[in-house]
$ cat run-v9.txt   # compact mmCIF, C-alpha atoms
# COMPACT_ATOMS: atom_id res chain seq x y z
CA VAL A 1 213.65 145.93 45.12
CA HIS A 2 213.00 145.09 48.74
CA PRO A 3 215.74 142.91 50.33
CA VAL A 4 213.70 141.31 53.11
CA ARG A 5 211.10 138.63 52.43
CA HIS A 6 210.00 135.21 53.65
CA HIS A 7 211.44 134.62 57.10
CA PRO A 8 210.27 131.44 58.79
CA TRP A 9 212.73 131.77 61.70
CA LEU A 10 213.36 134.42 64.27
CA ALA A 11 216.77 133.80 65.74
CA THR A 12 218.61 135.65 68.44
CA GLY A 13 222.27 135.17 69.24
CA CYS A 14 224.77 136.75 71.57
CA ALA A 15 228.48 136.87 70.81
CA ARG A 16 230.88 135.62 73.45
CA LEU A 17 231.44 138.00 76.33
CA LYS A 18 235.10 138.60 77.02
CA THR A 19 237.35 141.07 78.79
CA MET A 20 239.50 143.51 76.88
CA ALA A 21 242.11 144.01 79.60
CA ILE A 22 243.38 141.96 82.53
CA GLY A 23 241.51 142.71 85.71
CA ARG A 24 238.52 144.35 84.10
CA SER A 25 235.10 142.88 84.73
CA VAL A 26 233.24 140.86 82.13
CA ALA A 27 229.58 141.61 81.63
CA VAL A 28 226.68 139.21 81.76
CA ALA A 29 223.88 140.56 79.59
CA THR A 30 220.15 140.19 79.99
CA LEU A 31 218.80 139.83 76.47
CA ALA A 32 215.48 139.93 74.70
CA VAL A 33 213.20 140.78 77.59
CA PHE A 34 210.57 141.22 74.92
CA ALA A 35 210.80 140.33 71.24
CA LEU A 36 208.29 141.45 68.63
CA LEU A 37 208.12 141.01 64.87
CA PHE A 38 205.27 142.34 62.79
CA VAL A 39 204.37 143.53 59.33
CA SER A 40 202.43 146.76 59.34
CA ALA A 41 199.57 146.76 56.90
CA HIS A 42 197.01 145.94 59.50
CA ALA A 43 199.74 145.51 62.18
CA GLU A 44 199.82 141.75 61.82
CA VAL A 45 202.10 140.30 64.50
CA PHE A 46 204.12 137.29 63.31
CA PHE A 47 206.16 136.69 66.42
CA GLU A 48 205.90 137.87 70.01
CA GLU A 49 207.79 136.47 72.98
CA ASN A 50 207.56 137.40 76.66
CA PHE A 51 209.56 134.40 77.94
CA ASP A 52 206.81 133.21 80.24
CA ASP A 53 206.16 129.57 81.20
CA GLY A 54 206.89 127.16 78.38
CA TRP A 55 209.48 129.34 76.64
CA GLU A 56 211.96 126.44 76.48
CA ASP A 57 209.49 124.53 74.30
CA ARG A 58 209.46 127.41 71.82
CA TRP A 59 213.21 128.06 71.66
CA VAL A 60 216.08 125.80 70.57
CA LYS A 61 219.40 126.19 72.36
CA SER A 62 222.35 125.89 70.02
CA SER A 63 225.43 123.69 70.41
CA PHE A 64 227.34 125.82 67.88
CA LYS A 65 230.33 126.35 70.21
CA GLY A 66 230.05 123.05 72.03
CA SER A 67 231.24 123.28 75.63
CA ASP A 68 231.79 127.02 75.20
CA GLU A 69 228.04 127.58 74.87
CA GLY A 70 226.67 129.16 78.03
CA THR A 71 223.47 128.35 79.88
CA TRP A 72 220.34 130.45 79.41
CA THR A 73 217.87 131.24 82.14
CA THR A 74 215.03 133.73 82.59
CA SER A 75 214.98 136.59 85.06
CA ALA A 76 213.29 139.90 85.76
CA GLY A 77 216.75 141.29 86.56
CA LYS A 78 218.19 142.96 89.62
CA TYR A 79 215.75 145.85 89.34
CA TYR A 80 212.22 145.45 88.03
CA GLY A 81 208.70 146.76 88.28
CA ASP A 82 207.06 143.38 87.74
CA ALA A 83 208.70 140.17 88.94
CA ASP A 84 206.76 138.20 86.32
CA ASN A 85 208.07 140.31 83.43
CA LYS A 86 211.11 138.20 82.59
CA GLY A 87 213.61 137.96 79.79
CA LEU A 88 216.36 135.64 78.65
CA LYS A 89 219.53 136.00 80.68
CA THR A 90 223.05 134.78 80.11
CA THR A 91 224.60 133.24 83.21
CA THR A 92 228.35 132.75 82.80
CA ASP A 93 231.22 134.96 81.68
CA TYR A 94 233.48 133.94 78.79
CA ARG A 95 230.79 131.98 76.98
CA TRP A 96 228.92 132.09 73.68
CA TYR A 97 225.13 132.27 73.65
CA ASP A 98 223.05 131.26 70.63
CA ILE A 99 219.35 130.44 70.64
CA SER A 100 216.53 130.54 68.09
CA ALA A 101 212.78 130.20 67.71
CA LYS A 102 210.62 129.45 64.69
CA THR A 103 208.12 131.92 63.25
CA PRO A 104 205.37 131.49 60.66
CA SER A 105 206.38 132.22 57.08
CA PHE A 106 205.57 135.74 55.93
CA ASP A 107 206.16 138.14 53.08
CA ASN A 108 206.69 141.84 53.73
CA LYS A 109 206.40 142.88 50.08
CA GLY A 110 204.48 146.16 49.96
CA LYS A 111 204.34 146.33 53.76
CA THR A 112 206.32 147.86 56.61
CA LEU A 113 208.42 145.39 58.58
CA VAL A 114 209.07 146.10 62.28
CA LEU A 115 211.63 144.21 64.37
CA GLN A 116 211.75 145.20 68.02
CA TYR A 117 213.29 143.84 71.22
CA THR A 118 214.79 144.98 74.50
CA VAL A 119 218.31 144.59 75.86
CA LYS A 120 219.70 145.13 79.34
CA HIS A 121 223.36 144.78 80.31
CA GLU A 122 223.32 144.37 84.07
CA GLN A 123 227.07 144.74 84.46
CA ASN A 124 229.49 147.28 83.06
CA LEU A 125 229.99 145.62 79.69
CA ASP A 126 233.54 145.18 78.39
CA CYS A 127 232.86 143.22 75.25
CA GLY A 128 229.72 141.58 73.95
CA GLY A 129 226.96 141.74 71.40
CA GLY A 130 223.23 141.33 71.90
CA TYR A 131 222.01 140.84 68.34
CA ILE A 132 218.73 139.59 67.00
CA LYS A 133 218.58 137.98 63.57
CA LEU A 134 216.01 136.88 61.03
CA ALA A 135 217.15 133.69 59.35
CA PRO A 136 215.75 131.86 56.31
CA GLN A 137 214.08 128.49 56.24
CA GLY A 138 216.44 125.54 56.49
CA VAL A 139 218.79 126.90 59.15
CA ASP A 140 219.86 124.13 61.56
CA GLN A 141 218.62 125.53 64.87
CA SER A 142 220.63 123.02 66.90
CA LYS A 143 223.83 124.49 65.44
CA PHE A 144 222.70 128.07 64.94
CA GLY A 145 225.56 130.54 65.44
CA GLY A 146 227.82 133.12 63.89
CA ASP A 147 228.32 131.10 60.71
CA SER A 148 224.60 130.57 60.09
CA GLU A 149 222.87 132.30 57.22
CA TYR A 150 220.60 135.21 58.07
CA SER A 151 218.60 137.91 56.29
CA ILE A 152 218.75 140.68 58.92
CA MET A 153 221.10 141.21 61.84
CA PHE A 154 220.19 144.04 64.20
CA GLY A 155 221.35 145.18 67.61
CA PRO A 156 224.08 146.67 69.79
CA ASP A 157 227.76 145.69 69.71
CA ILE A 158 230.03 146.97 72.48
CA CYS A 159 233.71 146.05 72.77
CA GLY A 160 236.14 148.23 74.67
CA TYR A 161 236.37 151.91 73.78
CA SER A 162 236.72 151.44 70.03
CA THR A 163 233.55 149.52 69.15
CA LYS A 164 230.21 150.94 70.23
CA ARG A 165 227.64 150.70 67.50
CA VAL A 166 224.23 149.38 66.53
CA HIS A 167 224.51 146.90 63.68
CA VAL A 168 221.97 146.91 60.87
CA ILE A 169 223.04 144.27 58.36
CA PHE A 170 221.01 142.98 55.41
CA THR A 171 221.87 139.89 53.39
CA TYR A 172 221.09 140.53 49.74
CA ASN A 173 222.10 138.41 46.76
CA GLY A 174 224.19 136.20 49.02
CA LYS A 175 226.26 139.00 50.57
CA ASN A 176 226.06 140.67 53.99
CA HIS A 177 225.78 144.45 53.70
CA LEU A 178 226.63 146.63 56.71
CA ILE A 179 225.03 150.02 57.23
CA LYS A 180 227.35 152.90 56.37
CA ARG A 181 225.98 155.10 59.16
CA GLU A 182 227.32 155.01 62.71
CA ILE A 183 224.57 154.46 65.27
CA LYS A 184 225.62 154.59 68.92
CA PRO A 185 224.01 152.12 71.36
CA GLU A 186 223.10 152.73 74.98
CA THR A 187 225.88 151.56 77.31
CA ASP A 188 224.35 151.83 80.78
CA GLU A 189 222.77 149.05 82.88
CA LYS A 190 219.15 149.92 82.12
CA THR A 191 216.64 148.27 79.80
CA HIS A 192 216.52 149.74 76.30
CA ILE A 193 214.16 149.09 73.39
CA TYR A 194 215.78 148.65 69.96
CA THR A 195 213.50 148.96 66.93
CA LEU A 196 214.22 148.52 63.22
CA ILE A 197 211.56 149.66 60.74
CA VAL A 198 211.93 148.78 57.03
CA LYS A 199 209.38 150.41 54.72
CA PRO A 200 208.17 149.30 51.27
CA ASP A 201 209.55 152.49 49.67
CA ASN A 202 213.06 151.27 50.56
CA THR A 203 213.48 153.64 53.49
CA TYR A 204 214.23 152.65 57.07
CA GLU A 205 214.27 153.95 60.61
CA VAL A 206 216.19 152.87 63.72
CA GLN A 207 214.78 153.75 67.13
CA ILE A 208 216.21 153.41 70.61
CA ASP A 209 213.67 153.73 73.40
CA LEU A 210 211.06 154.62 70.76
CA LYS A 211 213.03 157.70 69.68
CA LYS A 212 214.43 157.96 66.17
CA VAL A 213 218.23 157.83 66.10
CA GLN A 214 218.75 157.20 62.38
CA ASP A 215 216.73 157.03 59.20
CA GLY A 216 217.32 157.20 55.50
CA SER A 217 217.29 155.22 52.28
CA LEU A 218 218.38 151.64 51.64
CA TYR A 219 219.94 152.96 48.43
CA ASP A 220 222.11 155.54 50.20
CA ASP A 221 223.07 153.85 53.46
CA TRP A 222 224.00 150.37 52.15
CA ASP A 223 226.00 149.31 49.11
CA MET A 224 223.46 146.78 47.91
CA LEU A 225 220.79 148.45 45.74
CA GLN A 226 221.40 150.26 42.49
CA PRO A 227 219.81 153.73 42.40

$ encode --input "run-v9.txt" --output "structure tokens"
Amino acid sequence: VHPVRHHPWLATGCARLKTMAIGRSVAVATLAVFALLFVSAHAEVFFEENFDDGWEDRWVKSSFKGSDEGTWTTSAGKYYGDADNKGLKTTTDYRWYDISAKTPSFDNKGKTLVLQYTVKHEQNLDCGGGYIKLAPQGVDQSKFGGDSEYSIMFGPDICGYSTKRVHVIFTYNGKNHLIKREIKPETDEKTHIYTLIVKPDNTYEVQIDLKKVQDGSLYDDWDMLQP
């Protein structure tokens, strides 16, 4: 049984950035420089975003946290090889950031699903998450946030010294299932590519910078499928 099918939305959200100790800096993260979603039978791409001109027409900014929602912009970052190669960037500390874009409907049954995007934290990050989610049809994009339903949540979560992990969460039969493996994210200020690959034989692979950091079985590494 494959837990991931029919995703008409690609949604990306960032948890609020906050300090863990008085006097420590709070990071502003550059998120989703490049987002890619495809099903690999003939490498059919269902969603690709480079955040070029017109990106605001493709993405819906959420009011989930009201006045606590921060403002998005696009930027190539402090250091870049191409000034036109931009990504979404958060602008203010102590804010929540939630934004989503619609994708065509698709079905990955019998096919390999690949979810890939890049993340760059341009400050020394104290606490923040740069997740990307696949959400089902019917999600209210104007209020998309932490309480919204999703099918996959994937990406780095860094908070102080105790929490440094890459989340891989599947929603199956109405319940969110967290991966039982510990995957460490990159914590420097460089751009990193995060890739999740889910295969039709119920195996998976997580890559960081196109290098495998974890793989295994959906049966073994989540408590959601009966062997």

$ atom_distance --input "run-v9.txt" --atom1 "atom CA of A:Cys159" --atom2 "atom CA of A:Ile208"
19.1 Å

$ closest_residue --input "run-v9.txt" --among "A:Tyr204, A:Tyr94, A:Tyr131, A:Trp72" --to "A:Tyr117" --atoms "all atoms listed in the file"
A:Tyr131

$ atom_distance --input "run-v9.txt" --atom1 "atom CA of A:Met153" --atom2 "atom CA of A:Gly130"
10.3 Å

$ atom_distance --input "run-v9.txt" --atom1 "atom CA of A:Thr191" --atom2 "atom CA of A:Thr118"
6.5 Å

$ closest_residue --input "run-v9.txt" --among "A:Thr92, A:Ile99, A:Ser75, A:Val45" --to "A:Arg58" --atoms "all atoms listed in the file"
A:Ile99

$ closest_residue --input "run-v9.txt" --among "A:Thr73, A:Thr203, A:Ser67, A:Thr91" --to "A:Trp222" --atoms "only C-alpha atoms"
A:Thr203

$ closest_residue --input "run-v9.txt" --among "A:Ala101, A:Leu178, A:Leu196, A:Val168" --to "A:Asp140" --atoms "all atoms listed in the file"
A:Ala101
